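**Q** So that we are looking at the same thing, I have put the structure below in structure tokens.
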Amino acid sequence: MNTAPDDTLLSAWIDGELPPEQRAEVEAWLREHPEGAARVRAWSADARSLRSAFGPLLDEPVPAALTQAVWRKAPVVLPALAWARWAAALALFVLGAAVGAGLMWRAQAPSGSAVVAASGERASGWVQRAAVAHSVYVPEVRHPVEVKAQEEHLSRWLTRRLDVPVKLFDLREQGFELVGGRLLPDASGPSAQLMYQAIVPAGAASAAAKPERVTVYLRKPDDATPAAFRYEQQGELGLFYWVEGKSANSGPTGYALVGALPRERLLALAEAIYRQEPSRVARP
Amino acid sequence: MDAPAAFRQQLLGVIPSLRRYARSLVFDPHAADDLVQTALERALAHWHQFDQRRDILVWTISIAHNAHIDERRRHARAALVEPSEGFDPDASQGPPGADIGLQLDLVKALGRLSLEQREVLLLVTLEQLSYAECAEALRIPIGTVMSRVSRARIALRALLDGKGAVPPQGTLRRVV
């Protein structure tokens, strides 16, 4: 090396950051320049002193507060999820407002022209809202449902509010138990959401794992919803939806089963619900 | 989505190094551990952004680095005069093991380096990060890492040689 390497180069040499050719050049220069070599040795010695001064820190016991911080169940909502939650809440609110406005208008406008207000939705609009409601409430840890499964009035309350029969389906044979339900605002009237969660075998309960959850969304369907059994995949969510026909004592009911489960498992649940559907059970 | 247990285990593994790094930034042990806790919480909240092909220490150091910057900004807003970037060695306990005369001098001298210089020097010499990893953690160009390490070495040596006149870069200039 003809010219003296600058300090940056010498420093990078200490850290092993030079490509082989440059390293060889620096080493050749150091051999011929004892004063430069002394500087580099001093820097290396300083690095060793730093390591011995700060090394013991690594062996210090970790404070319990830090270990606990690592194991704490997420107190923080993921920003993306928080956003989705707000968006969903806002969507429900806007829907509610639209319904309210629609009803007001209907009350004031002459009959016939009023229906338009609420008919801006697509054919499967309520099915979409079932998926949104699923995404909003399934991650809830403390308040996944409004009324817990154990409370007897759940079915009666939802039936009364929805004006369609709400049955609490028994999916234990399929490995899911009812968590509870909630009433939701939706276009042209309320909807109900029933939440089920995978039964965790006793002893296998792990604090870190989250139980699988599926939701059943029920409401009076729009006229446009096809009665046939349909399946739709939205990202990781699967949706089965169908409409039960009129029975003697009620109008049609729309069902949407939502869950992040493989299609076959979701289908088994949908079939169980279908078999237990009130109008079918009541039929002679 | 909650952070998986495997990720939490990884985090546990880097706590000692993170604490050491934090101590090099703020020196006061309690403030350093607070910084580590903030970094751990942020890491947990953003665990899904962590690319498993990357080094978790580099990633968490990057988080701690940003948390420290945020904290300093908050303090800067709260205080009328921005405090000097070099820490005041007399007001801190320094790391354990620093009770030997030489090490006390060393820690004092270290405290008089600018935060930027101290940070890269310690990441490279203590955590043995490569310049590329250092650049990634601090989001600065590799060339900047290279020159900062070199300037930090020169400044530290000058301080230890008793040439305290070398002004630590970035400290508050005093008009006397």
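In the structure tokens, chains take the letters A, B, ... in the order shown, each chain's residues start at 1, and ligands count up from 1 in the order shown.
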Counting only C-alpha atoms, which residues of chain A come no farther than 6 Å from chain B, as a list in words?
**A**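 The complete set of qualifying residues is Thr8, Ser11, Ala47, Arg51, Ala53, Leu58, Leu66, Val70, Ala74 and Leu78 of chain A.
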**Q** Grab the residues selected above and save them as a PDB file, in the first residue's frame with C-alpha atoms.
**A**
```
ATOM      1  CA  THR A   8     -11.736   4.394   9.051  1.00  0.00           C
ATOM      2  CA  SER A  11     -10.924   0.544  12.336  1.00  0.00           C
ATOM      3  CA  ALA A  47     -12.471  -2.954  22.821  1.00  0.00           C
ATOM      4  CA  ARG A  51     -16.069  -6.186  26.801  1.00  0.00           C
ATOM      5  CA  ALA A  53     -16.477  -3.889  31.722  1.00  0.00           C
ATOM      6  CA  LEU A  58     -25.051 -10.430  30.524  1.00  0.00           C
ATOM      7  CA  LEU A  66     -39.126  -8.167  31.867  1.00  0.00           C
ATOM      8  CA  VAL A  70     -42.659 -11.295  27.393  1.00  0.00           C
ATOM      9  CA  ALA A  74     -51.313  -9.340  24.268  1.00  0.00           C
ATOM     10  CA  LEU A  78     -52.304  -5.236  16.648  1.00  0.00           C
TER      11      LEU A  78
END
```
**Q** Excluding Tyr196 in chain A and its own-chain neighbours fewer than 4 positions away, which residues fall within 7 Å of it when counting only C-alpha atoms? Please give them as a list in words.
**A**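 Answer for this query is Phe176, Glu177, Leu178, Val179, Arg213, Val214 and Thr215 of chain A.
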**Q** Which polymer residues have any atom within 10 Å of an atom of range 133-140 of chain B, counting only C-alpha atoms, with same-chain residues fewer than 4 positions away left out, as a list in words?
**A** Arg54, Asp55, Leu57, Val58, Trp59, Thr60, Ile61, Ser62, Ile63, Ala64, His65, Asn66, Glu116, Glu119, Val120, Leu121, Leu123, Val124, Glu127, Gln128, Leu129, Thr144, Val145 and Met146 of chain B
**Q** Quick one: everything within 12 Å of Lys148 in chain A, counting only C-alpha atoms, minus sequence neighbours fewer than 3 positions away in the same chain. Send it as a count of residues only.
**A** 20
**Q** Can you measure CA of Glu25 in chain A to CA of Ala42 in chain A for me? One decimal in Å is fine.
**A**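 Between CA of Glu25 in chain A and CA of Ala42 in chain A the gap is 20.1 Å.
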**Q** Can you measure CA of Gly245 in chain A to CA of Gly259 in chain A for me? One decimal in Å is fine.
**A**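 Separating CA of Gly245 in chain A from CA of Gly259 in chain A is a distance of 23.9 Å.
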**Q** Choose the residue, out of A:Glu173, A:Glu277, A:Glu146, A:Glu140, that has the smallest atom-to-atom separation from Pro211 in chain A; count only C-alpha atoms.
**A** A:Glu140
**Q** Here is a test: counting only C-alpha atoms, which residue of A:Lys167, A:Lys73, A:Arg161, A:Arg129 is nearest to Leu239 in chain A?
**A**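 Under the stated criterion, the closest residue is A:Arg129.
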**Q** Near Ala24 in chain A, counting only C-alpha atoms, which residues have an atom at most 10 Å away, once you skip same-chain residues fewer than 5 positions from it, shown as a PDB file with N, CA and C atoms, in the first residue's frame?
**A**
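Generated output (part_22.pdb):
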```pdb
ATOM      1  N   MET A   1       0.842  -1.194   0.000  1.00  0.00           N
ATOM      2  CA  MET A   1       0.000   0.000   0.000  1.00  0.00           C
ATOM      3  C   MET A   1       0.876   1.242   0.000  1.00  0.00           C
ATOM      4  N   TRP A  13     -10.639  -2.699   9.700  1.00  0.00           N
ATOM      5  CA  TRP A  13      -9.764  -3.883   9.703  1.00  0.00           C
ATOM      6  C   TRP A  13      -9.899  -4.627  11.035  1.00  0.00           C
ATOM      7  N   LEU A  18     -13.154  -5.787   6.182  1.00  0.00           N
ATOM      8  CA  LEU A  18     -12.548  -5.467   4.885  1.00  0.00           C
ATOM      9  C   LEU A  18     -12.529  -6.699   3.983  1.00  0.00           C
ATOM     10  N   PRO A  19     -12.668  -6.472   2.684  1.00  0.00           N
ATOM     11  CA  PRO A  19     -12.525  -7.588   1.749  1.00  0.00           C
ATOM     12  C   PRO A  19     -11.067  -8.076   1.752  1.00  0.00           C
ATOM     13  N   TRP A  29       0.834  -2.799   5.409  1.00  0.00           N
ATOM     14  CA  TRP A  29       1.187  -1.444   5.875  1.00  0.00           C
ATOM     15  C   TRP A  29       1.494  -1.440   7.369  1.00  0.00           C
ATOM     16  N   LEU A  30       0.682  -2.182   8.142  1.00  0.00           N
ATOM     17  CA  LEU A  30       0.873  -2.228   9.592  1.00  0.00           C
ATOM     18  C   LEU A  30       2.236  -2.823   9.950  1.00  0.00           C
TER      19      LEU A  30
END
```
